[in-house]
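Here the structure comes first, spelled out in structure tokens, and everything after it is commentary.
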Amino acid sequence: MDNNEVNTEQIILEAAEAEFLEKGYGNAKTMAIAQRAGVSHSMLHYYFRTKEQLFQKIFKEKVQKLTQLFNVIFEQNTDFKETLRLLIETQFKFIAHNPQLPMFVFREILSNRENREWAIKTLFPHLFPFLSTIEKMLNTEMAKGTIRPITIQNLLMNILSINISTFVALPVLKENLHFENDEILKNFLNERCESNVQFILNALRT
């Protein structure tokens with residue numbers, strides 16, 4: 001595939017992602033995606049035969065991106081608390097770059113059994129090595145008595161819920177807390193990220 005084909009494919013994917021996030025998977029139309037991408041409908045089908053293929057390609061790219069970010073963390077071989085800090089920060093920043101993603105996942109994936117099963121099968125093989133490693137680190141710290149007992153499931157639930165809730169609530173916060181410009185919003189999110197890190201770490205203290 002030459003550079004022009006790669007660029008066209010990426011433009012279509014970006015247009016499809018915007019269409020899915022804006023209208024939902026069910027209401028998104030390939031004709032509208034083609035118009036948004038500035039290509040013909042036949043050209044879109046040349047690259048992606050169905051809307052489902054587009055959706056799955058976008059989801060897999062998000063998973064691969066998250067996998068790459070997590071790889072960087074675990075390659076640093078830091079101690080448990082620093083690794084945990086980096087994981088929380090990385091997940092928070094990933095959502096910050098994809099703020100509409102949590103609601104889309106809930107609406108289009110978690111609430112649809114078929115999509116949910118497919119997403120889990122796609123996601124789990126990528127994340128399992130990281131989950132296994134962090135669970136071993138967690139068990140080691142509990143055995144040493146440096147943190148209070150907690151299951152890996154509850155730790156992950158704490159991280160997911162506190163990070164995701166920030167962006168679920170953000171549209172309301174933006175309207176009522178008067179974020180006059182992007183710099184104020186950026187500062188707020190940086191502070192919130194650090195607050196989330198400290199909340200999780202403090203909850204682990206013995």
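A note on labels: chains of the structure tokens are A, B, ... as shown, every chain counts residues from 1, and ligands are counted from 1 in their shown order.
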
Can you build me a table of range 106-134 of chain A residues sitting at most 10 Å from range 14-34 of chain A, with the closest atom pair per residue and its distance in Å to one decimal, using only C-alpha atoms, sorted by chain and residue number, as JSON lines?
{"residue": "A:Arg107", "atom": "CA", "partner": "A:Gly24", "partner_atom": "CA", "distance": 8.0}
{"residue": "A:Glu108", "atom": "CA", "partner": "A:Tyr25", "partner_atom": "CA", "distance": 6.6}
{"residue": "A:Ile109", "atom": "CA", "partner": "A:Tyr25", "partner_atom": "CA", "distance": 9.5}

Write to file, as a PDB file, in the first residue's frame, the residues of the selection just made, with all heavy atoms.
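The file below, result_15.pdb, is the result:
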ATOM      1  N   ARG A 107     -22.468   3.062  25.564  1.00  0.00           N
ATOM      2  CA  ARG A 107     -23.684   3.075  24.740  1.00  0.00           C
ATOM      3  C   ARG A 107     -23.666   2.020  23.638  1.00  0.00           C
ATOM      4  O   ARG A 107     -24.670   1.357  23.382  1.00  0.00           O
ATOM      5  CB  ARG A 107     -23.854   4.465  24.125  1.00  0.00           C
ATOM      6  CG  ARG A 107     -25.146   4.678  23.355  1.00  0.00           C
ATOM      7  CD  ARG A 107     -25.258   6.111  22.886  1.00  0.00           C
ATOM      8  NE  ARG A 107     -24.203   6.462  21.954  1.00  0.00           N
ATOM      9  CZ  ARG A 107     -23.245   7.365  22.212  1.00  0.00           C
ATOM     10  NH1 ARG A 107     -23.226   8.002  23.363  1.00  0.00           N
ATOM     11  NH2 ARG A 107     -22.306   7.637  21.316  1.00  0.00           N
ATOM     12  N   GLU A 108     -22.516   1.855  23.004  1.00  0.00           N
ATOM     13  CA  GLU A 108     -22.461   1.021  21.807  1.00  0.00           C
ATOM     14  C   GLU A 108     -21.842  -0.365  22.034  1.00  0.00           C
ATOM     15  O   GLU A 108     -22.036  -1.261  21.217  1.00  0.00           O
ATOM     16  CB  GLU A 108     -21.663   1.726  20.702  1.00  0.00           C
ATOM     17  CG  GLU A 108     -22.172   3.110  20.357  1.00  0.00           C
ATOM     18  CD  GLU A 108     -23.540   3.076  19.694  1.00  0.00           C
ATOM     19  OE1 GLU A 108     -23.915   2.016  19.173  1.00  0.00           O
ATOM     20  OE2 GLU A 108     -24.228   4.104  19.709  1.00  0.00           O
ATOM     21  N   ILE A 109     -21.090  -0.521  23.134  1.00  0.00           N
ATOM     22  CA  ILE A 109     -20.406  -1.795  23.349  1.00  0.00           C
ATOM     23  C   ILE A 109     -20.939  -2.511  24.591  1.00  0.00           C
ATOM     24  O   ILE A 109     -21.434  -3.626  24.514  1.00  0.00           O
ATOM     25  CB  ILE A 109     -18.879  -1.598  23.454  1.00  0.00           C
ATOM     26  CG1 ILE A 109     -18.333  -1.069  22.113  1.00  0.00           C
ATOM     27  CG2 ILE A 109     -18.179  -2.905  23.822  1.00  0.00           C
ATOM     28  CD1 ILE A 109     -16.855  -0.805  22.106  1.00  0.00           C
TER      29      ILE A 109
END

- prompt: Skipping near chain neighbours, those fewer than 3 positions away, what residues fall within 7 Å of Ile58 in chain A using only C-alpha atoms, listed as a ChimeraX atom specification?
  reply: /A:13,17,54-55,61-62

query: What are the DSSP alpha helix (DSSP H) residues of range 53-180 of chain A, as an MDAnalysis selection string?
result: chainID A and resid 53:75 80:97 101:104 113:144 152:176

message: Residues within 10 Å of range 121-133 of chain A, please, as a list in words. Count only C-alpha atoms; anything in the same chain fewer than 3 positions from it doesn't count.
response: Gln56, Phe59, Lys60, Lys62, Val63, Gln64, Leu66, Thr67, Gln68, Phe70, Asn71, Ile73, Phe74, Asn115, Arg116, Glu117, Trp118, Lys136, Met137, Leu138, Ile152, Gln153 and Leu156 of chain A

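Across the structure, CA of Ile12 in chain A and CA of Ile164 in chain A are spaced 27.5 Å apart.
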
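Computed from the coordinates, the CA of Thr166 in chain A to CA of Lys81 in chain A distance equals 22.1 Å.
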
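CA of Leu84 in chain A to CA of Ile134 in chain A spans 8.1 Å [interatomic distance, one decimal].
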
Show me, as a CSV table (one decimal) with N, CA and C atoms, in the first residue's frame, the residues that have an atom within 12 Å of range 188-193 of chain A when counting only C-alpha atoms, minus same-chain residues fewer than 3 positions from it.
chain,number,residue,atom,x,y,z
A,85,ARG,N,1.3,4.6,39.5
A,85,ARG,CA,1.1,6.0,39.1
A,85,ARG,C,1.1,6.2,37.6
A,86,LEU,N,2.1,5.6,36.9
A,86,LEU,CA,2.2,5.7,35.5
A,86,LEU,C,1.0,5.1,34.8
A,87,LEU,N,0.5,4.0,35.3
A,87,LEU,CA,-0.7,3.4,34.7
A,87,LEU,C,-1.9,4.3,34.8
A,88,ILE,N,-2.1,4.9,36.0
A,88,ILE,CA,-3.3,5.8,36.2
A,88,ILE,C,-3.1,7.0,35.3
A,89,GLU,N,-2.0,7.6,35.3
A,89,GLU,CA,-1.8,8.8,34.5
A,89,GLU,C,-2.0,8.5,33.0
A,90,THR,N,-1.4,7.4,32.6
A,90,THR,CA,-1.5,7.0,31.1
A,90,THR,C,-3.0,6.8,30.7
A,91,GLN,N,-3.7,6.1,31.6
A,91,GLN,CA,-5.1,5.8,31.3
A,91,GLN,C,-5.9,7.2,31.3
A,92,PHE,N,-5.6,8.0,32.2
A,92,PHE,CA,-6.3,9.3,32.3
A,92,PHE,C,-6.0,10.1,31.0
A,93,LYS,N,-4.8,10.2,30.6
A,93,LYS,CA,-4.4,11.0,29.5
A,93,LYS,C,-4.9,10.4,28.2
A,94,PHE,N,-5.0,9.1,28.1
A,94,PHE,CA,-5.6,8.4,27.0
A,94,PHE,C,-7.1,8.8,26.8
A,95,ILE,N,-7.8,8.8,27.9
A,95,ILE,CA,-9.2,9.2,27.9
A,95,ILE,C,-9.3,10.7,27.5
A,96,ALA,N,-8.4,11.5,28.1
A,96,ALA,CA,-8.4,13.0,27.8
A,96,ALA,C,-8.2,13.3,26.3
A,97,HIS,N,-7.5,12.4,25.6
A,97,HIS,CA,-7.4,12.6,24.2
A,97,HIS,C,-8.5,12.0,23.4
A,99,PRO,N,-12.1,12.0,24.8
A,99,PRO,CA,-13.1,12.2,25.8
A,99,PRO,C,-14.5,11.7,25.6
A,159,ILE,N,-9.5,2.4,39.7
A,159,ILE,CA,-8.8,3.3,38.7
A,159,ILE,C,-9.8,3.6,37.5
A,162,ILE,N,-12.7,6.1,38.8
A,162,ILE,CA,-12.3,7.5,39.1
A,162,ILE,C,-11.8,8.3,37.9
A,163,ASN,N,-11.1,7.6,37.0
A,163,ASN,CA,-10.7,8.3,35.8
A,163,ASN,C,-11.8,8.6,34.8
A,164,ILE,N,-12.6,7.5,34.6
A,164,ILE,CA,-13.7,7.7,33.6
A,164,ILE,C,-14.7,8.7,34.1
A,165,SER,N,-15.0,8.7,35.4
A,165,SER,CA,-16.1,9.6,35.9
A,165,SER,C,-15.7,11.1,35.6
A,166,THR,N,-14.4,11.4,35.6
A,166,THR,CA,-14.0,12.8,35.3
A,166,THR,C,-14.5,13.2,34.0
A,167,PHE,N,-14.4,12.4,33.0
A,167,PHE,CA,-14.8,12.8,31.6
A,167,PHE,C,-16.3,12.6,31.3
A,170,LEU,N,-17.4,15.8,32.7
A,170,LEU,CA,-16.8,17.0,32.2
A,170,LEU,C,-17.7,18.0,31.4
A,173,LEU,N,-19.4,20.0,34.0
A,173,LEU,CA,-18.5,20.9,34.7
A,173,LEU,C,-18.1,22.0,33.8
A,174,LYS,N,-17.9,21.8,32.5
A,174,LYS,CA,-17.4,22.9,31.6
A,174,LYS,C,-18.5,24.0,31.5
A,177,LEU,N,-18.5,25.5,35.7
A,177,LEU,CA,-17.3,25.9,36.4
A,177,LEU,C,-16.5,26.9,35.6
A,178,HIS,N,-17.1,27.4,34.5
A,178,HIS,CA,-16.6,28.5,33.7
A,178,HIS,C,-15.1,28.3,33.3
A,179,PHE,N,-14.9,27.3,32.5
A,179,PHE,CA,-13.5,27.1,31.9
A,179,PHE,C,-13.5,28.1,30.7
A,180,GLU,N,-12.9,29.3,30.9
A,180,GLU,CA,-12.9,30.3,29.9
A,180,GLU,C,-12.1,30.0,28.7
A,181,ASN,N,-11.1,29.2,28.9
A,181,ASN,CA,-10.2,28.9,27.8
A,181,ASN,C,-9.5,27.5,27.9
A,182,ASP,N,-8.9,27.0,26.9
A,182,ASP,CA,-8.3,25.7,26.9
A,182,ASP,C,-7.2,25.6,28.0
A,183,GLU,N,-6.5,26.7,28.3
A,183,GLU,CA,-5.4,26.6,29.3
A,183,GLU,C,-6.0,26.3,30.7
A,184,ILE,N,-7.1,26.9,31.0
A,184,ILE,CA,-7.7,26.6,32.3
A,184,ILE,C,-8.2,25.2,32.4
A,185,LEU,N,-8.8,24.7,31.3
A,185,LEU,CA,-9.2,23.3,31.2
A,185,LEU,C,-8.1,22.4,31.4
A,196,ASN,N,-6.4,12.1,41.3
A,196,ASN,CA,-6.8,10.7,41.1
A,196,ASN,C,-5.7,9.7,41.5
A,197,VAL,N,-4.4,10.1,41.1
A,197,VAL,CA,-3.3,9.2,41.5
A,197,VAL,C,-3.2,9.2,43.0
A,198,GLN,N,-3.2,10.3,43.6
A,198,GLN,CA,-3.1,10.3,45.1
A,198,GLN,C,-4.2,9.6,45.8
A,199,PHE,N,-5.4,9.7,45.3
A,199,PHE,CA,-6.6,9.0,45.8
A,199,PHE,C,-6.3,7.5,45.8
A,200,ILE,N,-5.9,7.0,44.7
A,200,ILE,CA,-5.7,5.5,44.6
A,200,ILE,C,-4.5,5.1,45.5

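Of the listed residues (A:Arg36, A:Lys57, A:Arg49, A:Arg205), A:Arg205 comes nearest to Thr146 in chain A; the distances count only C-alpha atoms.
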